[in-house]
file my_file_11.cif (mmCIF, C-alpha atoms)
data_work
#
loop_
_atom_site.label_atom_id
_atom_site.label_comp_id
_atom_site.auth_asym_id
_atom_site.auth_seq_id
_atom_site.Cartn_x
_atom_site.Cartn_y
_atom_site.Cartn_z
CA MET A 4 64.15 34.94 128.55
CA PRO A 5 62.49 38.30 127.72
CA GLU A 6 62.91 39.36 131.37
CA LEU A 7 66.68 38.74 131.10
CA LEU A 8 66.81 40.98 128.04
CA VAL A 9 64.83 43.67 129.86
CA ALA A 10 67.20 43.36 132.83
CA PHE A 11 70.22 43.72 130.55
CA ILE A 12 68.79 46.75 128.74
CA THR A 13 67.82 48.35 132.07
CA GLY A 14 71.38 47.87 133.26
CA PHE A 15 72.83 49.17 130.01
CA THR A 16 70.72 52.31 130.02
CA THR A 17 69.67 53.69 133.41
CA GLY A 18 71.43 51.14 135.64
CA GLY A 19 74.98 51.89 134.52
CA LEU A 20 74.85 55.61 135.17
CA SER A 21 72.82 55.24 138.32
CA CYS A 22 75.17 52.67 139.83
CA MET A 23 78.23 54.62 138.71
CA ALA A 24 76.97 57.54 140.79
CA VAL A 25 76.88 55.39 143.92
CA GLN A 26 79.64 52.86 143.35
CA GLY A 27 82.00 55.02 141.28
CA GLY A 28 83.95 55.88 144.42
CA LEU A 29 84.94 52.28 144.97
CA LEU A 30 85.96 51.91 141.34
CA ALA A 31 87.93 55.16 141.53
CA THR A 32 89.72 53.80 144.59
CA SER A 33 90.58 50.64 142.64
CA ILE A 34 92.07 52.65 139.80
CA ALA A 35 93.83 54.93 142.26
CA ASN A 36 95.48 51.86 143.71
CA GLN A 37 96.70 50.85 140.25
CA ILE A 38 97.97 54.35 139.53
CA GLU A 39 99.92 54.35 142.78
CA SER A 40 101.33 50.97 141.86
CA ASP A 41 102.39 52.18 138.41
CA ILE A 42 104.08 55.21 139.80
CA THR A 43 105.79 53.08 142.45
CA ALA A 44 107.20 50.76 139.81
CA LYS A 45 108.21 53.46 137.36
CA ALA A 46 110.49 51.18 135.45
CA GLY A 47 107.45 49.05 134.93
CA ARG A 48 106.92 45.95 132.94
CA ASN A 49 106.37 45.94 129.22
CA GLU A 50 102.58 45.97 129.42
CA SER A 51 100.90 48.82 127.65
CA ARG A 52 99.42 51.72 129.54
CA SER A 53 95.96 50.81 128.24
CA PHE A 54 96.23 47.33 129.70
CA LYS A 55 97.36 48.66 133.06
CA ILE A 56 94.35 50.94 133.26
CA ALA A 57 91.92 48.37 131.90
CA LEU A 58 93.01 45.54 134.20
CA PRO A 59 91.76 46.92 137.55
CA ILE A 60 88.51 48.05 135.90
CA LEU A 61 87.94 44.60 134.42
CA LEU A 62 88.79 42.86 137.70
CA PHE A 63 86.47 45.20 139.56
CA LEU A 64 83.63 44.50 137.12
CA VAL A 65 84.14 40.73 137.06
CA SER A 66 84.19 40.66 140.85
CA LYS A 67 81.05 42.79 140.96
CA LEU A 68 79.32 40.58 138.41
CA THR A 69 80.16 37.45 140.39
CA VAL A 70 78.99 38.83 143.70
CA TYR A 71 75.73 40.20 142.31
CA THR A 72 74.98 36.94 140.55
CA LEU A 73 75.45 35.11 143.84
CA LEU A 74 73.27 37.73 145.53
CA GLY A 75 70.58 37.11 142.90
CA ALA A 76 70.67 33.40 143.69
CA LEU A 77 70.40 34.17 147.40
CA LEU A 78 67.51 36.59 146.91
CA GLY A 79 65.73 34.19 144.61
CA SER A 80 65.99 31.43 147.19
CA LEU A 81 65.00 33.68 150.07
CA GLY A 82 61.89 34.78 148.22
CA GLN A 83 61.22 37.38 150.82
CA VAL A 84 61.92 41.07 151.20
CA LEU A 85 65.44 41.80 152.25
CA ARG A 86 64.92 45.41 153.11
CA ILE A 87 67.80 47.63 154.06
CA THR A 88 66.43 50.50 156.15
CA PRO A 89 67.16 54.11 155.17
CA LEU A 90 69.21 54.45 158.36
CA ALA A 91 71.37 51.45 157.43
CA GLN A 92 71.82 52.85 153.92
CA ALA A 93 72.77 56.24 155.34
CA ILE A 94 75.33 54.66 157.67
CA LEU A 95 76.81 52.75 154.72
CA GLN A 96 77.06 55.97 152.70
CA PHE A 97 78.81 57.71 155.63
CA ALA A 98 81.20 54.78 155.92
CA ILE A 99 81.96 54.98 152.19
CA ALA A 100 82.47 58.74 152.46
CA LEU A 101 84.87 58.26 155.36
CA PHE A 102 86.71 55.53 153.46
CA MET A 103 87.16 57.69 150.37
CA LEU A 104 88.14 60.77 152.32
CA GLY A 105 90.64 58.78 154.37
CA ASN A 106 92.15 57.35 151.20
CA ALA A 107 92.39 60.80 149.62
CA LEU A 108 94.18 62.20 152.68
CA ARG A 109 96.46 59.15 152.69
CA MET A 110 97.39 59.75 149.04
CA LEU A 111 98.14 63.36 149.84
CA ASN A 112 100.40 62.22 152.73
CA VAL A 113 98.55 64.41 155.19
CA HIS A 114 99.36 62.18 158.18
CA PRO A 115 100.56 58.56 158.65
CA ILE A 116 97.35 57.77 160.52
CA PHE A 117 95.48 57.78 157.17
CA ARG A 118 97.54 54.79 156.06
CA TYR A 119 95.03 52.71 158.00
CA PHE A 120 92.46 53.45 155.28
CA SER A 121 94.33 51.29 152.81
CA PHE A 122 93.62 47.60 152.41
CA GLU A 123 96.71 45.78 153.54
CA PRO A 124 96.34 42.03 153.24
CA PRO A 125 98.38 39.95 155.71
CA ALA A 126 101.90 39.13 154.51
CA ALA A 127 101.05 35.43 154.44
CA VAL A 128 98.22 36.11 151.97
CA THR A 129 100.30 38.29 149.63
CA ARG A 130 103.14 35.77 149.85
CA PHE A 131 100.82 32.96 148.81
CA ILE A 132 99.33 34.96 145.94
CA ARG A 133 102.69 36.30 144.81
CA ARG A 134 104.10 32.82 144.51
CA LYS A 135 101.01 31.64 142.69
CA ALA A 136 100.68 34.65 140.42
CA LYS A 137 104.35 35.58 140.02
CA GLY A 138 104.16 38.98 141.63
CA GLU A 139 100.79 40.19 140.38
CA THR A 140 99.41 41.27 143.74
CA THR A 141 97.77 44.53 142.74
CA PHE A 142 94.62 42.77 141.61
CA LEU A 143 93.51 42.18 145.20
CA THR A 144 92.14 45.67 145.76
CA PRO A 145 89.87 45.91 142.69
CA ILE A 146 88.51 42.43 143.37
CA LEU A 147 87.77 43.26 146.99
CA LEU A 148 86.24 46.65 146.17
CA GLY A 149 84.21 45.18 143.30
CA ALA A 150 82.75 42.70 145.77
CA LEU A 151 82.03 45.48 148.26
CA THR A 152 79.66 47.19 145.81
CA VAL A 153 77.11 44.65 146.97
CA LEU A 154 76.82 46.74 150.14
CA ILE A 155 75.82 49.88 148.26
CA PRO A 156 73.32 48.95 145.58
CA CYS A 157 71.90 51.90 143.65
CA GLY A 158 68.16 52.44 143.37
CA VAL A 159 67.87 50.69 140.02
CA THR A 160 69.81 47.74 141.41
CA GLN A 161 67.47 47.61 144.38
CA ALA A 162 64.51 47.47 142.02
CA MET A 163 66.22 44.59 140.25
CA MET A 164 66.93 42.92 143.60
CA ALA A 165 63.22 43.15 144.39
CA ALA A 166 62.53 41.50 141.04
CA ALA A 167 65.06 38.76 141.90
CA ILE A 168 63.23 38.13 145.17
CA ALA A 169 59.93 37.98 143.29
CA THR A 170 61.24 35.19 141.06
CA GLY A 171 61.30 32.90 144.09
CA ASN A 172 63.89 30.78 142.31
CA PRO A 173 67.66 30.91 142.87
CA LEU A 174 68.50 30.22 139.24
CA SER A 175 66.11 32.86 137.89
CA GLY A 176 67.26 35.35 140.55
CA ALA A 177 70.90 34.74 139.64
CA GLY A 178 70.14 35.05 135.92
CA LEU A 179 68.29 38.31 136.42
CA MET A 180 71.03 39.92 138.50
CA PHE A 181 73.70 38.60 136.12
CA ALA A 182 71.96 40.09 133.08
CA PHE A 183 71.41 43.42 134.82
CA THR A 184 74.95 43.73 136.21
CA LEU A 185 76.39 42.68 132.85
CA GLY A 186 74.32 45.45 131.28
CA THR A 187 75.79 48.06 133.64
CA SER A 188 79.37 46.94 132.93
CA PRO A 189 80.00 48.66 129.55
CA VAL A 190 78.98 52.03 130.99
CA PHE A 191 81.19 51.50 134.02
CA PHE A 192 84.10 50.45 131.88
CA ALA A 193 83.77 53.24 129.33
CA LEU A 194 83.41 56.00 131.90
CA ALA A 195 86.21 54.73 134.11
CA TYR A 196 88.59 53.94 131.23
CA PHE A 197 88.28 57.21 129.38
CA ALA A 198 88.31 59.27 132.54
CA THR A 199 91.54 57.57 133.57
CA ARG A 200 93.11 57.89 130.09
CA LEU A 201 92.34 61.58 130.18
CA GLY A 202 93.89 61.75 133.61
CA ALA A 203 97.00 59.95 132.34
CA LEU A 204 97.81 62.98 130.23
CA LEU A 205 98.37 64.78 133.49
CA GLU A 206 100.42 62.00 135.05
CA LYS A 207 102.67 64.33 136.96
CA HIS A 208 99.75 65.36 139.12
CA LEU A 209 97.70 62.21 138.78
CA VAL A 210 97.85 61.06 142.39
CA ARG A 211 96.76 64.50 143.55
CA ILE A 212 94.00 64.69 140.94
CA THR A 213 92.77 61.25 141.96
CA ALA A 214 92.81 62.29 145.61
CA ALA A 215 90.81 65.40 144.72
CA VAL A 216 88.24 63.28 142.86
CA LEU A 217 87.96 61.00 145.89
CA ILE A 218 87.35 64.01 148.11
CA LEU A 219 84.57 65.21 145.80
CA LEU A 220 83.01 61.74 145.70
CA SER A 221 83.19 61.49 149.48
CA ILE A 222 81.31 64.79 149.76
CA PHE A 223 78.72 63.38 147.38
CA ALA A 224 78.40 60.18 149.46
CA LEU A 225 78.10 62.24 152.64
CA ASP A 226 75.34 64.29 151.05
CA THR A 227 73.56 61.12 149.94
CA GLY A 228 73.72 59.82 153.51
CA MET A 229 72.28 63.10 154.80
CA ASN A 230 69.42 62.84 152.28
CA LEU A 231 68.73 59.30 153.41
CA LEU A 232 68.48 60.53 156.99
CA GLY A 233 65.91 63.07 155.83
CA ALA A 234 68.08 66.12 156.43
CA ARG A 235 66.39 69.28 155.17
CA PHE A 236 69.55 71.09 154.21
CA THR A 237 71.75 69.12 151.88
CA LEU A 238 73.70 70.01 148.76
CA THR A 239 71.29 67.99 146.57
CA ARG A 240 68.26 69.80 147.96
CA LEU A 241 70.02 73.13 147.65
CA ALA A 242 70.93 72.39 144.03
CA SER A 243 67.39 71.27 143.19
CA ASN A 244 66.06 74.55 144.58
CA VAL A 245 68.57 76.62 142.64
CA ILE A 246 68.17 74.69 139.39
CA PRO A 247 64.46 73.98 138.97
CA VAL A 248 64.96 71.43 136.20
CA GLY A 249 61.79 69.89 134.88
CA GLU A 250 59.32 71.94 136.88
CA VAL A 251 57.72 73.02 133.61
CA ALA A 252 56.87 69.40 132.98
CA LEU A 253 54.55 69.22 135.99
CA LEU A 254 51.58 67.03 135.42
CA PRO A 255 48.29 68.88 135.92
CA ASN A 256 46.99 66.69 138.71
CA ALA A 257 50.05 67.28 140.84
CA VAL A 258 50.35 71.03 140.98
CA GLN A 259 47.49 72.04 143.24
CA PRO A 260 47.81 72.10 147.02
CA ALA A 261 45.62 69.34 148.41
CA ALA A 262 43.54 70.83 151.19
CA ASP A 263 41.60 67.58 151.49
CA GLY A 264 44.71 65.62 152.38
CA ASN A 265 44.88 63.60 149.17
CA LEU A 266 48.23 64.24 147.56
CA VAL A 267 49.48 62.99 144.23
CA LEU A 268 53.17 62.70 143.48
CA ASN A 269 54.33 61.82 140.00
CA VAL A 270 57.42 59.65 140.08
CA VAL A 271 59.36 60.14 136.86
CA ASP A 272 62.78 59.02 135.63
CA LYS A 273 64.37 62.31 136.68
CA GLY A 274 62.82 62.50 140.13
CA TYR A 275 59.58 63.65 141.68
CA ARG A 276 57.05 66.14 140.38
CA PRO A 277 56.27 68.41 142.04
CA ARG A 278 59.26 68.58 144.32
CA THR A 279 57.24 70.34 147.01
CA LEU A 280 53.81 69.17 148.09
CA HIS A 281 51.59 71.16 150.43
CA ALA A 282 49.37 69.25 152.85
CA PRO A 283 46.95 70.09 155.66
CA ALA A 284 48.30 69.94 159.21
CA ASP A 285 46.79 67.75 161.95
CA LEU A 286 44.99 65.48 159.49
CA PRO A 287 45.79 62.04 158.12
CA VAL A 288 47.16 62.42 154.61
CA THR A 289 47.21 59.95 151.73
CA LEU A 290 49.99 60.25 149.25
CA THR A 291 49.46 58.54 145.91
CA LEU A 292 52.70 57.72 144.10
CA VAL A 293 52.14 57.43 140.38
CA THR A 294 54.61 55.76 138.03
CA GLU A 295 54.42 55.28 134.28
CA ASP A 296 57.28 53.49 132.56
CA VAL A 297 59.76 54.59 135.19
CA TYR A 298 63.07 52.75 135.26
CA SER A 299 65.34 55.04 137.28
CA CYS A 300 66.22 54.92 140.96
CA SER A 301 63.32 57.27 141.72
CA ARG A 302 61.26 54.07 142.00
CA ALA A 303 63.02 53.31 145.28
CA PHE A 304 61.04 55.86 147.31
CA LEU A 305 61.78 56.76 150.94
CA ILE A 306 60.32 59.05 153.59
CA PRO A 307 63.03 58.68 156.26
CA ALA A 308 61.23 60.63 159.03
CA ILE A 309 58.39 58.09 159.16
CA ASP A 310 60.66 55.17 158.28
CA TYR A 311 58.78 54.45 155.07
CA GLY A 312 60.35 52.82 152.05
CA VAL A 313 58.98 51.12 148.97
CA ILE A 314 60.17 49.88 145.59
CA LEU A 315 57.49 51.05 143.16
CA ASP A 316 56.35 49.14 140.10
CA ALA A 317 57.59 50.59 136.79
CA THR A 318 53.97 51.50 136.03
CA GLY A 319 51.30 51.76 138.67
CA GLU A 320 50.05 53.53 141.77
CA LYS A 321 50.94 53.13 145.41
CA ILE A 322 49.08 54.81 148.26
CA VAL A 323 51.03 55.86 151.33
CA ASP A 324 49.19 56.71 154.54
CA ILE A 325 50.92 59.49 156.43
CA PRO A 326 49.87 60.11 160.05
CA PRO A 327 48.77 63.64 161.11
CA GLN A 328 51.63 66.11 161.32
CA ALA A 329 51.83 69.38 163.26
CA LYS A 330 51.58 72.66 161.33
CA GLY A 331 54.90 73.69 159.92
CA THR A 332 56.27 70.14 159.75
CA VAL A 333 58.36 69.35 156.70
CA LEU A 334 58.74 65.71 155.65
CA PRO A 335 61.61 65.31 153.16
CA PHE A 336 61.41 62.38 150.77
CA THR A 337 64.15 60.95 148.59
CA CYS A 338 65.11 58.10 146.34
CA SER A 339 67.13 55.41 148.05
CA MET A 340 70.34 56.83 146.61
CA GLY A 341 69.65 60.29 147.94
CA MET A 342 69.91 61.69 144.40
CA TYR A 343 66.32 62.76 143.82
CA THR A 344 64.62 64.62 146.61
CA GLY A 345 61.50 66.56 147.52
CA LYS A 346 59.37 67.46 150.52
CA ILE A 347 55.87 67.61 151.92
CA VAL A 348 55.13 70.83 153.77
CA PHE A 349 52.23 70.71 156.23
CA ASP A 350 51.16 74.32 156.00
CA LEU A 351 47.51 74.24 154.94
CA MET B 29 118.38 33.03 162.22
CA LYS B 30 118.14 36.69 163.17
CA LYS B 31 115.07 38.87 163.19
CA GLN B 32 115.72 42.53 162.49
CA GLN B 33 113.17 45.35 162.36
CA PHE B 34 113.66 48.29 160.00
CA ARG B 35 111.84 51.58 159.68
CA VAL B 36 110.96 52.39 156.06
CA GLU B 37 109.38 55.83 156.02
CA ASP B 38 109.17 56.29 152.28
CA MET B 39 106.60 53.64 151.38
CA HIS B 40 103.81 55.34 149.41
CA CYS B 41 101.19 52.64 149.31
CA VAL B 42 100.46 49.00 150.03
CA ASN B 43 102.21 48.02 146.81
CA CYS B 44 105.49 49.39 148.16
CA ALA B 45 105.21 46.97 151.07
CA MET B 46 104.50 44.16 148.64
CA ARG B 47 107.56 45.04 146.58
CA LEU B 48 109.72 44.94 149.69
CA GLN B 49 108.26 41.57 150.60
CA GLU B 50 109.46 40.23 147.27
CA LEU B 51 113.00 40.51 148.64
CA GLU B 52 112.42 37.23 150.45
CA ASP B 53 112.29 35.55 147.03
CA THR B 54 115.36 37.26 145.62
CA LEU B 55 117.86 37.66 148.48
CA PRO B 56 119.72 34.45 149.36
CA GLY B 57 119.81 33.97 153.12
CA VAL B 58 116.60 35.88 153.75
CA LYS B 59 113.87 33.63 155.13
CA SER B 60 111.02 36.12 155.31
CA VAL B 61 110.20 39.80 154.88
CA ASP B 62 107.10 41.24 156.51
CA ALA B 63 106.70 44.85 155.41
CA SER B 64 103.77 47.03 156.40
CA TYR B 65 102.81 50.27 154.71
CA ARG B 66 100.54 51.13 157.63
CA THR B 67 103.21 50.98 160.30
CA GLY B 68 106.09 51.98 157.99
CA LYS B 69 108.07 49.02 159.27
CA MET B 70 109.71 45.94 157.83
CA VAL B 71 110.73 42.83 159.74
CA VAL B 72 113.36 40.64 158.08
CA GLU B 73 114.28 37.17 159.24
CA TYR B 74 117.64 36.13 157.82
CA ASP B 75 120.64 33.86 158.22
CA GLU B 76 123.58 35.95 159.45
CA ALA B 77 126.01 33.41 158.04
CA LYS B 78 124.71 34.02 154.51
CA ILE B 79 123.78 37.68 154.39
CA LYS B 80 124.61 40.83 156.34
CA SER B 81 122.33 43.63 157.41
CA ASP B 82 124.17 46.04 155.09
CA GLN B 83 123.40 43.87 152.08
CA ILE B 84 119.71 43.95 152.99
CA LEU B 85 119.86 47.75 153.25
CA GLN B 86 121.49 47.92 149.82
CA ALA B 87 118.83 45.71 148.29
CA VAL B 88 116.12 47.93 149.78
CA ARG B 89 117.89 51.00 148.41
CA ARG B 90 117.97 49.45 144.94
CA LEU B 91 114.18 49.25 145.09
CA GLY B 92 114.08 52.96 145.83
CA TYR B 93 113.49 52.95 149.59
CA THR B 94 115.48 53.86 152.65
CA ALA B 95 115.49 51.39 155.53
CA VAL B 96 116.78 52.31 158.96
CA PRO B 97 117.57 49.44 161.40
CA GLU B 98 115.77 49.67 164.74
CA SER B 99 117.24 48.26 167.89
#

call {"tool": "encode", "arguments": {"input": "my_file_11.cif", "output": "structure tokens"}}
result
Amino acid sequence: MPELLVAFITGFTTGGLSCMAVQGGLLATSIANQIESDITAKAGRNESRSFKIALPILLFLVSKLTVYTLLGALLGSLGQVLRITPLAQAILQFAIALFMLGNALRMLNVHPIFRYFSFEPPAAVTRFIRRKAKGETTFLTPILLGALTVLIPCGVTQAMMAAAIATGNPLSGAGLMFAFTLGTSPVFFALAYFATRLGALLEKHLVRITAAVLILLSIFALDTGMNLLGARFTLTRLASNVIPVGEVALLPNAVQPAADGNLVLNVVDKGYRPRTLHAPADLPVTLTLVTEDVYSCSRAFLIPAIDYGVILDATGEKIVDIPPQAKGTVLPFTCSMGMYTGKIVFDL
Amino acid sequence: MKKQQFRVEDMHCVNCAMRLQELEDTLPGVKSVDASYRTGKMVVEYDEAKIKSDQILQAVRRLGYTAVPES
């Protein structure tokens, strides 16, 4: 029982924001669909505006909760590591970016070809649902997109998925993922609801504003994918160089270049300290990852260039053996969401 | 029964297609309406003895769309 409470609190605190950063695009698309629907049916029914905005968010979250609970049961029963490689994650991020960008261009009526980015269920399916639900067909998209979030778990979710695997029991795994996803839901709902209400004040331009948000989110997803591929020049890396947040909080054992090839990287809630490590060239290097009460996605640590990935314990140490690298080599590392980044420079 | 294809250029989203499909529940003589936002087309299967093409066009217009029959 205590682990369920911890899972819920983790979801409520770090999980909600972390997942919103990755899965917010799908939720935004759900709401965009509802907005389009509202504008289409201007006469509208007598439901309040609040209800119309809340409904797709709730459907999205319920669908997400259901799918993640089922995933927890699956992981618990598998009891083995279900590891998605950085490359697969990057491809998924690119696909999401393309999906959002396509939808934005569709909403802006750039070209009819972009209509293919919309989910269009077969007529037989909508007919069946319409007759069952008396015309309420717009709930399909948020349900489908809520379920799709299972393909893009954020770093905190991945840590929770690892915990679900470790339970080795389908019921415990399902309970853990249910508690965690339930914990993330209030943050999702509050952010999405108030953002949309604010947007409703600008209804005249709402479709365009939503399209613009989708474009921004697609750029973010593209950048995340680039980080996951280990690209050296990405917007996130550029921003972290321009805004050196937290560098003053460097821990003493992590600031010195390690000429002996023993590097220490402190993994903290807001990323990695220091962001740049200096290592000797042409020598095997050991990288010690140190965590202490870390609950953010930085725990899902990746070095894409050497295809290394690990979910770190909340508190503990993990040693990574890095093979010799030529002088001048730069190995970027990142969290599995591509949000927190850093690099090892082999220049000693 | 006659099957007639229409071009409906002014659908804005999938929900427009769904609204057009609802005509099959409201127009007597219409057996089925398959509208697609992606292709911008609508295929209506109807009984010529009960409803005319013009009446279908009017019903579409009342929903706020413009349908053009295709040969």

call {"tool": "interface_residues", "arguments": {"input": "my_file_11.cif", "of": "chain B", "to": "chain A", "cutoff": "10 Å", "atoms": "all atoms listed in the file", "output": "number ranges by chain"}}
result
B: 37, 39-47, 49-50, 52-53, 60-68, 91-92

call {"tool": "atom_distance", "arguments": {"input": "my_file_11.cif", "atom1": "atom CA of A:Ala76", "atom2": "atom CA of A:Met163"}}
result
12.5 Å

call {"tool": "atom_distance", "arguments": {"input": "my_file_11.cif", "atom1": "atom CA of A:Thr318", "atom2": "atom CA of A:Val297"}}
result
6.6 Å

call {"tool": "closest_residue", "arguments": {"input": "my_file_11.cif", "among": "A:Asn230, A:Thr17, A:Thr237, A:Ser66", "to": "A:Lys273", "atoms": "only C-alpha atoms"}}
result
A:Thr17

call {"tool": "resolve_selection", "arguments": {"input": "my_file_11.cif", "expression": "the PyMOL selection byres ((chain B and resi 34) around 7)", "output": "ChimeraX atom specification"}}
result
/B:32-33,35-36,69-71,95-98

call {"tool": "resolve_selection", "arguments": {"input": "my_file_11.cif", "expression": "the PyMOL selection byres ((chain A and resi 11-16) around 8)", "output": "list in words"}}
result
Leu7, Leu8, Val9, Ala10, Thr17, Gly18, Gly19, Leu20, Ala182, Phe183, Thr184, Leu185, Gly186, Thr187, Ser188, Pro189, Val190 and Tyr298 of chain A

call {"tool": "write_last_selection", "arguments": {"input": "my_file_11.cif", "atoms": "C-alpha atoms", "output": "mmCIF file, in the frame of the given file"}}
result
data_model
loop_
_atom_site.group_PDB
_atom_site.id
_atom_site.type_symbol
_atom_site.label_atom_id
_atom_site.label_comp_id
_atom_site.auth_asym_id
_atom_site.auth_seq_id
_atom_site.Cartn_x
_atom_site.Cartn_y
_atom_site.Cartn_z
ATOM 1 C CA LEU A 7 66.680 38.740 131.100
ATOM 2 C CA LEU A 8 66.810 40.980 128.040
ATOM 3 C CA VAL A 9 64.830 43.670 129.860
ATOM 4 C CA ALA A 10 67.200 43.360 132.830
ATOM 5 C CA THR A 17 69.670 53.690 133.410
ATOM 6 C CA GLY A 18 71.430 51.140 135.640
ATOM 7 C CA GLY A 19 74.980 51.890 134.520
ATOM 8 C CA LEU A 20 74.850 55.610 135.170
ATOM 9 C CA ALA A 182 71.960 40.090 133.080
ATOM 10 C CA PHE A 183 71.410 43.420 134.820
ATOM 11 C CA THR A 184 74.950 43.730 136.210
ATOM 12 C CA LEU A 185 76.390 42.680 132.850
ATOM 13 C CA GLY A 186 74.320 45.450 131.280
ATOM 14 C CA THR A 187 75.790 48.060 133.640
ATOM 15 C CA SER A 188 79.370 46.940 132.930
ATOM 16 C CA PRO A 189 80.000 48.660 129.550
ATOM 17 C CA VAL A 190 78.980 52.030 130.990
ATOM 18 C CA TYR A 298 63.070 52.750 135.260
#

call {"tool": "atom_distance", "arguments": {"input": "my_file_11.cif", "atom1": "atom CA of A:Ile60", "atom2": "atom CA of A:Ala195"}}
result
7.3 Å

call {"tool": "residues_near_point", "arguments": {"input": "my_file_11.cif", "point": "(67.0, 66.4, 153.2)", "cutoff": "12 Å", "atoms": "only C-alpha atoms", "output": "number ranges by chain"}}
result
A: 93, 225-244, 278, 305-308, 333-338, 341-347

call {"tool": "resolve_selection", "arguments": {"input": "my_file_11.cif", "expression": "the PyMOL selection byres ((chain B and resi 76) around 10)", "output": "NGL selection string"}}
result
:B and (29-31 or 57-58 or 73-75 or 77-81)

call {"tool": "residues_around", "arguments": {"input": "my_file_11.cif", "residues": "A:Leu73", "least_positions_apart": "2", "cutoff": "10 Å", "atoms": "all atoms listed in the file", "output": "PyMOL selection string"}}
result
chain A and resi 67-71+75-79+173-174+176-178+180-181

call {"tool": "axis_aligned_box", "arguments": {"input": "my_file_11.cif", "around": "stretch 62-78 of chain B", "padding_each_side": "3 Å", "output": "AutoDock Vina command-line options"}}
result
--center_x 113.3 --center_y 42.7 --center_z 157.4 --size_x 31.5 --size_y 24.6 --size_z 11.8

call {"tool": "residues_around", "arguments": {"input": "my_file_11.cif", "residues": "A:Val293", "least_positions_apart": "6", "cutoff": "7 Å", "atoms": "only C-alpha atoms", "output": "PDB file with C-alpha atoms, in the frame of the given file"}}
result
ATOM      1  CA  LEU A 268      53.170  62.700 143.480  1.00  0.00           C
ATOM      2  CA  ASN A 269      54.330  61.820 140.000  1.00  0.00           C
ATOM      3  CA  VAL A 270      57.420  59.650 140.080  1.00  0.00           C
ATOM      4  CA  GLY A 319      51.300  51.760 138.670  1.00  0.00           C
ATOM      5  CA  GLU A 320      50.050  53.530 141.770  1.00  0.00           C
ATOM      6  CA  LYS A 321      50.940  53.130 145.410  1.00  0.00           C
TER       7      LYS A 321
END

call {"tool": "residues_near_point", "arguments": {"input": "my_file_11.cif", "point": "(88.8, 60.5, 145.4)", "cutoff": "8 Å", "atoms": "all atoms listed in the file", "output": "list in words"}}
result
Gly28, Ala31, Thr32, Met103, Leu104, Asn106, Ala107, Thr213, Ala214, Ala215, Val216, Leu217, Ile218, Leu219, Leu220 and Ser221 of chain A
